[in-house]
Every structure is written in structure tokens, then in C-alpha cells.
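As C-alpha cells, the structure follows; a few thoughts come after it.
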Amino acid sequence: MSATPLKNRHLLGWLMAMPLSVILAAFLIAPIVMIVIVSFWGATEYSIYPAFQFDNYEFLFGSPVTYRVFGATLKYALITWALTLAIGFTVAYFLAFHVRSLTMQIALFLICTIPFWTSNIIRMISWIPFLGRNGIANQTLISWGVIDEPLEWLLYSDFSVILAFVHLYTLFMVVPIFNTMMRIDKSLLEAARDNGASGFQTLLHVILPLTKPGIMIGTIFVVTLVMGDFITVRFMSGSQRANVGRLISNDIGLLQYPSAAATAVVLLATVLIVIAILLRFVNIRKEL
Amino acid sequence: MTKPKVGYTRRSLLKTGGAALAASALPAPMLWAQDTKDIVLRQFGTGVSNLNDVANKVKEDLGFTLEMTALDSDAVTQRAATQPDSFDIADIEYWICKKVWPTGNLQAMDVSKIANYDKIVGIFKSGKLTEDSVIAQGTAPHTVGFVPEQGATTFADEQTNWMTLIPTIYNADTLGIRPDLIGRPIETWAELLNPEFKGKASILDISSIGIMDMAMVCEAMGEIQYGDKGNMTREEIDKTFAIFTEAKQNGQFRAFWKTFDESVNLMASGEVVIQSMWSPAITAVKSRGIDCVYQPLKEGYRSWGGGIGLSKSLSGMELDAAYDYINWYLSGWVGGYLMRQGYYSAVPETSKEFMSENEWGYWFEGKEATDVITSPTGDKLAEAGAVRDGGSFEERMGSVACWNAVMDENQYMVRKWNEFIAS
């Protein structure tokens with residue numbers, strides 16, 4: 001008796017899930033499958049040919065450059081993550097707990113987004129004349145008598161790359177952390193104070209655990225963005241440094257699609273592993 | 001009943017005079033002006049020659065619309081090789097031809113339809129500038145300039161009736177320097193790795209071109225004797241990168257550049273004082289009032305050439321229009337425009353008609369300027385009395401040591417290049 005409506009409900013459920021499944025299959029699953037397939041193909045100077053070979057992976061894992069570049073990619077991700085987290089957390093904390101009126105909170109939050117009204121590239125490139133050998137930073141430091149010679153490492157160095165990353169991606173940390181902080185019940189903070197907790201203890205034992213989902217979402221944003229970004233590395237290091245994204249973009253530029261696909265597969269796997277590890281710490285679904 | 005030939009209105013006929021007369025006497029396909037105004041040809045290529053001024057002039061002279069897209073060399077290669085239906089005309093460099101032609105995305109051009117073919121300089125036909133000149137190393141344009149027949153994917157060893165690209169533009173490249181910051185004469189390519197310029201040197205991050213600059217430097221330093229710089233062995237490639245990687249790790253380079261404006265900014269801001277550069281980039285630095293020299297060096301120049309190729313899918317009226325465009329291109333106006341930027345036209349003698357005697361003397365003959373030299377857009381480039389760096393056309397193009405190249409070991413070289421950048 002009850003079998004028929006249940007069956008219908010199944011059918012209906014499938015039908016309702018269908019549009020999204022089709023879209024995901026066509027625009028997410030299929031391209032990734034294609035990339036994996038092509039990563040086993042061969043390439044000539046001007047064409048790619050279907051084959052099943054491990055050449056691309058063999059070269060990738062056989063080259064010391066790959067390890068160095070993956071190392072550099074993780075290094076950029078880690079340092080950027082630490083800095084954006086420190087800044088992002090502080091900014092969000094200030095907005096959520098120090099600013100009292102909601103209007104002010106919204107106004108200040110909007111101010112944070114102002115730099116994002118221009119494009120990534122513009123924000124990045126504007127650092128170049130600032131940090132250059134004869135740039136504003138060096139001239140100012142010299143005129144203050146802090147240094148005698150211009151600092152060479154300000155531009156076209158790891159420093160400038162990470163500076164740009166932090167500048168570009170801190171907001172991705174601020175937004176989710178601010179969001180979770182706003183939902184913390186203020187009476188919890190009062191209870192902590194009533195029980196004699198110091199400000200720092202409250203921060204460590206009440207606010208921090210409750211903000212974990214926000215931190216985690218921000219972390220996923222920042223880490224994946226930094227690991228995939230190649231333009232920032234190219235511009236800010238003056239092409240002198242490389243991360244995995246740059247290897248892929250170089251390969252594509254030189255028509256080595258299978259090799260680029262193989263690198264992309266390895267990068268994807270790395271990012272997924274990183275995210276899997278992060279999700280071990282926080283159950284985002286439960287926290288949301 | 002004689003209808004006007006495509007685009008040659010009475011006004012432009014009067015204006016362009018002899019050149020247009022010559023062009024209209026050709027066995028070029030006849031198109032009626034009413035039909036041509038609806039034609040749109042999509043052209044793409046590098047920033048050097050894909051100029052809106054050219055598109056505007058085409059509209060004025062020929063009546064049809066030319067849509068221009070400017071990309072960097074790697075993007076050009078990619079598009080020509082992978083998106084054959086996205087363009088009608090490919091304005092590409094000869095070394096790129098070696099990568100793109102075998103894909104079959106371009107169609108060979110019927111030389112008998114090219115009016116000024118006989119006037120095209122020898123470099124693009126026999127490889128020789130003059131009867132007794134030696135052909136430089138690398139992918140010299142004439143080696144990839146012809147195919148045996150329409151549809152062939154291999155190149156012909158000698159001139160045939162089928163051309164891959166119609167040559168349009170070329171130049172002899174060398175190092176650019178900031179004389180005000182260097183303060184002494186620079187005479188050899190080896191100076192690029194001179195520790196004196198530590199942290200103030202740069203080369204370009206386009207492998208096929210950069211490797212040739214590297215080779216010029218290594219040879220000048222006496223470190224490597226190449227069999228053929230344009231077609232290195234793996235061993236030669238390894239040695240070359242070893243030298244440059246060491247220099248890189250010692251902090252010789254400030255940055256590498258990939259686009260025209262990057263090279264201009266590096267030089268103008270004083271971040272670098274010596275780097276591989278392109279002629280109009282020097283002009284751009286100069287026009288900011290900064291002293292910059294395109295330094296002729298004793299080992300000679302690294303040269304490149306560009307040309308126009310036709311998409312395979314071009315046919316019928318569009319194909320006829322494309323031939324008209326090519327004939328127009330070689331008839332002098334564009335040549336004059338490009339020559340006044342410091343490049344050379346494939347057909348110098350038609351360009352002469354579109355240049356003043358002073359300009360012709362300065363740019364082509366290496367004579368002292370008798371009056372101020374300006375760019376096609378009106379910026380002042382040189383005072384009266386100035387002489388072009390490197391001298392006359394024959395002197396400059398006669399001292400070409402190698403051409404930008406795609407070598408047999410290109411894939412290996414590219415991987416090494418990636419390693420060099422990441423090192």
C-alpha cells in the first residue's frame with residue numbers, strides 16, 4: 001500500500017536533484033575527468049595525441065624542480081595563511097566586539113571592502129612603483145635616515161609576493177570570521193567575565209572555539225586561492241619565482257597540455273588533501 | 001563598364017598615387033565595393049604590428065572592417081594552433097610558424113597573386129640580404145617561408161608558388177641599456193652577465209627568444225662554442241642554462257619580463273640598466289625623457305621577422321578581400337608607418353613613397369637626421385643631427401647573427417626553461 005507513494009517520492013527527489021546534478025556533471029565532473037585523461041596523453045610541438053603513458057607523471061616526479069616548486073607553493077600558502085589569519089581575526093574581533101552599534105559595524109565592514117572595488121591586477125601592480133628601487137617606500141626610508149642604500153628585497157622577492165597575497169586575500173578571512181563572531185551569544189562572554197575569566201582567557205576559551213568554523217572557511221578560501229594563483233607570483237616576483245600555478249601556465253603557453261594536465265591533477269590532489277586534513281579539525285556541516 | 005576595384009576610391013587613388021596604380025594593375029581578384037563593406041576580417045597577432053591605425057586605414061582604403069586583437073607571442077602561438085576558427089588573418093612571427101604550420105590551420109598563399117612579390121627583400125625569399133651574404137643561424141624566415149604545394153604540412157627548401165606567411169615586418173634586436181646609469185661604453189653581449197650589473201639586468205621570459213639571447217651571451221663570454229645556436233644539442237642547452245642559472249642564483253637579474261610594457265617600466269624606473277629589449281620599447285622609454293640606447297654589439301644582432309598568414313577556413317569573397325589586404329599591406333602605407341617606428345618593411349621601396357626624405361635617410365639609410373624625427377603618432381624621437389643606432393639597413397640587417405628559433409630539441413629546452421625560472 002505504502003510502496004507506491006514512496007517510490008514516487010524517490011522519483012520526485014531524483015527529478016528535483018537532476019538539474020543541479022546535470023550542471024555539476026557537465027561543468028565540474030566532466031572537465032576534471034577530461035584533465036585526468038589528457039594528463040596521460042602525449043604531446044608534440046603542435047599537437048596532442050591520445051595514448052596511455054606515464055611520461056608526464058614520470059617527468060613531473062622525476063624532476064627536482066617539481067618538489068622545489070611544490071615546496072614554494074606550500075610555503076607561500078602557509079605564510080600567507082598565518083598572516084591573513086592574524087590580521088583577519090584581529091579585524092573581525094574589533095568589528096564584532098569593540099564596535100557597539102550595528103550601523104557602525106556595517107559601515108566599517110564596507111570600508112574593508114573598498115579596495116575590492118578595483119581588479120586584482122590593479123591592486124597588485126600598484127605595489128610595484130611603491131616598492132621599487134626608487135619607489136616611495138625606499139625614498140621615504142632614505143629621507144628618514146633609516147637606510148642609506150635602497151632596499152633591494154622590497155620588490156621582486158618572496159617578500160613582495162607574500163605582501164601582495166596578504167593584501168589580496170585578507171578579506172576572505174575577515175568575512176567568514178566576522179560572520180561567525182556576530183553569531184556568538186553575547187551572554188556567553190558575560191558569563192565568562194562573571195566567572196572571573198580575564199579578557200585573554202575569554203578569547204582563548206570562548207571566542208576562539210566558537211569562531212573555528214569561520215576560521216576554517218577562511219582558511220580554505222585563502223589556501224586554495226594562494227595555491228592556484230600564478231599571476232601574483234609572476235608579477236610580484238618579476239618572474240623570478242615559481243609556484244605550481246606558474247608551471248601549469250608556462251606549460252599551457254608552450255602548448256604542452258598533457259604535461260600541464262598532469263601538474264594540475266597533482267595540484268588538485270594536494271589541495272584536496274590539505275582540505276581533508278583541515279576538515280578533520282572542524283565539522284563545518286555541524287557548526288553551520 | 002568598369003566598377004572601381006575594391007576600396008580604391010578616387011580619393012585614395014589620388015593620395016597614394018603610384019603605389020595604388022601599381023596595385024590596381026595586378027591580377028588581383030575583382031570585388032565590388034558594395035559587397036566589401038560588409039566584410040569583416042578578424043586579425044590577431046603580437047602588439048608590435050596589430051595597431052588600430054592600420055585597421056582604420058584599411059577601412060578607409062579598402063572599405064572592409066579589420067578587427068584587431070593583440071596578444072603576447074605565446075598566446076599567439078596557442079590561438080593559431082588551437083582555435084583555427086577564431087581568426088581569418090594571423091599576424092605571426094616566423095619562428096611561431098614552425099609550431100603552427102603543421103597543425104594545418106593555415107592555408108598557403110598563391111604567390112602569383114602578390115603584386116609586389118618581386119620587391120620583397122631577399123631575406124624572406126633566398127635568405128640572403130645581398131648576393132654574398134651569409135645566412136644567419138636559427139629559424140631564418142626563408143626556411144619556413146614556402147611549402148611545396150597548397151595543403152602541404154612540410155616546408156619547401158626553395159622558393160615555390162606557395163608562401164606560408166607574407167613577410168611584413170622584421171628587425172634586428174640587441175640589448176637596451178641606460179647610458180646615464182652605466183656611464184661607460186657597452187660593446188658585447190657578455191656584459192649582460194657582468195657582475196658589475198648585479199641585480200640590475202633582465203632578460204625576457206619567452207623561451208624561444210630568451211634562449212637565443214642566452215646563446216649570444218654565452219658565446220660572447222667564450223664559454224660555449226655552438227654548432228648552431230638556432231638548433232642546439234641537449235648538451236649545449238644544459239651548458240647554457242647552467243651558466244644562466246648560476247648567474248640567477250647569484251642575484252644577477254632583477255626580474256624577467258614577458259610583455260612590452262613590463263620591459264619599458266623596468267628600464268624607465270631604473271630597476272634594470274641592461275636588458276634584452278625591443279626597438280619600440282626603447283622608443284617608449286625615450287619618449288618619457290629618459291636616456292636609453294638600443295646598443296649595437298660586436299657579435300651582431302638577434303633577429304626576428306613577422307608575416308601574415310591566412311586561416312584555412314577563409315574562402316570566397318573573404319579570401320579575395322584578404323588578398324587585397326595583403327597587396328595593400330605591401331603597397332607602402334603600413335611599411336612607412338612601421339619603418340617610422342624603427343622596424344623594417346618587407347618591401348622597403350614602396351614604403352619610401354610614404355616617408356619624407358629626412359625620415360627615409362634616418363631610418364633606412366642611417367644618415368644624420370636633417371630635421372626632428374617623430375613617431376607615426378607624433379612623439380618626438382630624435383633631434384636633427386641624430387643618427388640611428390646601428391646605422392643603415394644593410395649594416396644592421398647585414399650583422400644578424402641568429403634568428404629567433406624553434407629547435408629540434410624544443411620540448412627539452414622548454415622544460416629546462418621552466419626549471420630555470422623556478423630555480
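Lettering and numbering for the C-alpha cells are positional, with chains as A, B, ... in the shown order, residues counted from 1 in each chain, and ligands counted from 1 in the shown order.
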
*Up to 6 Å from chain A, what residues of chain B turn up? Count only C-alpha atoms and give them as a VMD selection string.*
chain B and resid 74 99 255 to 256 419 421 to 422

_I need the residues in stretch 149-326 of chain B that are alpha helix (DSSP H) according to DSSP; give them as a PyMOL selection string._
chain B and resi 179-182+207-220+234-249+260-268+279-286+316-326

_So that I can check the surroundings of B:Asn327, please list as a ChimeraX atom specification every protein, DNA and RNA residue that reaches within 8 Å of it, counting only C-alpha atoms and ignoring chain neighbours fewer than 2 positions away._
/B:23,114-116,323-325,329-331

Based on the selection just made, write C-alpha atoms of those residues as a PDB file, in the first residue's frame.
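As written to disk, part_32.pdb reads:
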ATOM      1  CA  ALA B  23      48.476  47.617 -57.134  1.00  0.00           C
ATOM      2  CA  ILE B 114      51.024  39.040 -54.675  1.00  0.00           C
ATOM      3  CA  ALA B 115      51.741  42.211 -56.600  1.00  0.00           C
ATOM      4  CA  ASN B 116      54.958  43.292 -55.003  1.00  0.00           C
ATOM      5  CA  TYR B 323      44.479  39.013 -50.800  1.00  0.00           C
ATOM      6  CA  ASP B 324      43.528  42.633 -51.388  1.00  0.00           C
ATOM      7  CA  TYR B 325      44.527  43.390 -47.838  1.00  0.00           C
ATOM      8  CA  TYR B 329      49.809  45.937 -46.858  1.00  0.00           C
ATOM      9  CA  LEU B 330      52.824  45.628 -49.136  1.00  0.00           C
ATOM     10  CA  SER B 331      51.944  48.725 -51.147  1.00  0.00           C
TER      11      SER B 331
END

Could you produce a table of the residues of stretch 252-302 of chain B lying within 10 Å of stretch 341-344 of chain B, with the nearest pair of atoms per residue and their separation in Å rounded to one decimal, using only C-alpha atoms, ordered by chain and increasing residue number, as a Markdown table?
| residue | atom | partner | partner_atom | distance |
| --- | --- | --- | --- | --- |
| B:Trp278 | CA | B:Gly342 | CA | 9.8 |
| B:Ser279 | CA | B:Gly342 | CA | 6.5 |
| B:Pro280 | CA | B:Gln341 | CA | 6.3 |
| B:Ile282 | CA | B:Gly342 | CA | 9.9 |
| B:Thr283 | CA | B:Gln341 | CA | 8.0 |

Would you mind exporting the chosen residues as a CSV table (one decimal), in the first residue's frame, restricted to C-alpha atoms?
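This went into part.csv:
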chain,number,residue,atom,x,y,z
B,278,TRP,CA,62.6,45.6,-28.4
B,279,SER,CA,63.2,48.6,-30.5
B,280,PRO,CA,59.8,50.4,-29.9
B,282,ILE,CA,63.4,51.8,-26.3
B,283,THR,CA,61.4,54.5,-28.1

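Distances from A:Ser119, A:Gln105, A:Thr170, A:Ser143 to A:Gly218 were compared using only C-alpha atoms, and the smallest one belongs to A:Thr170.
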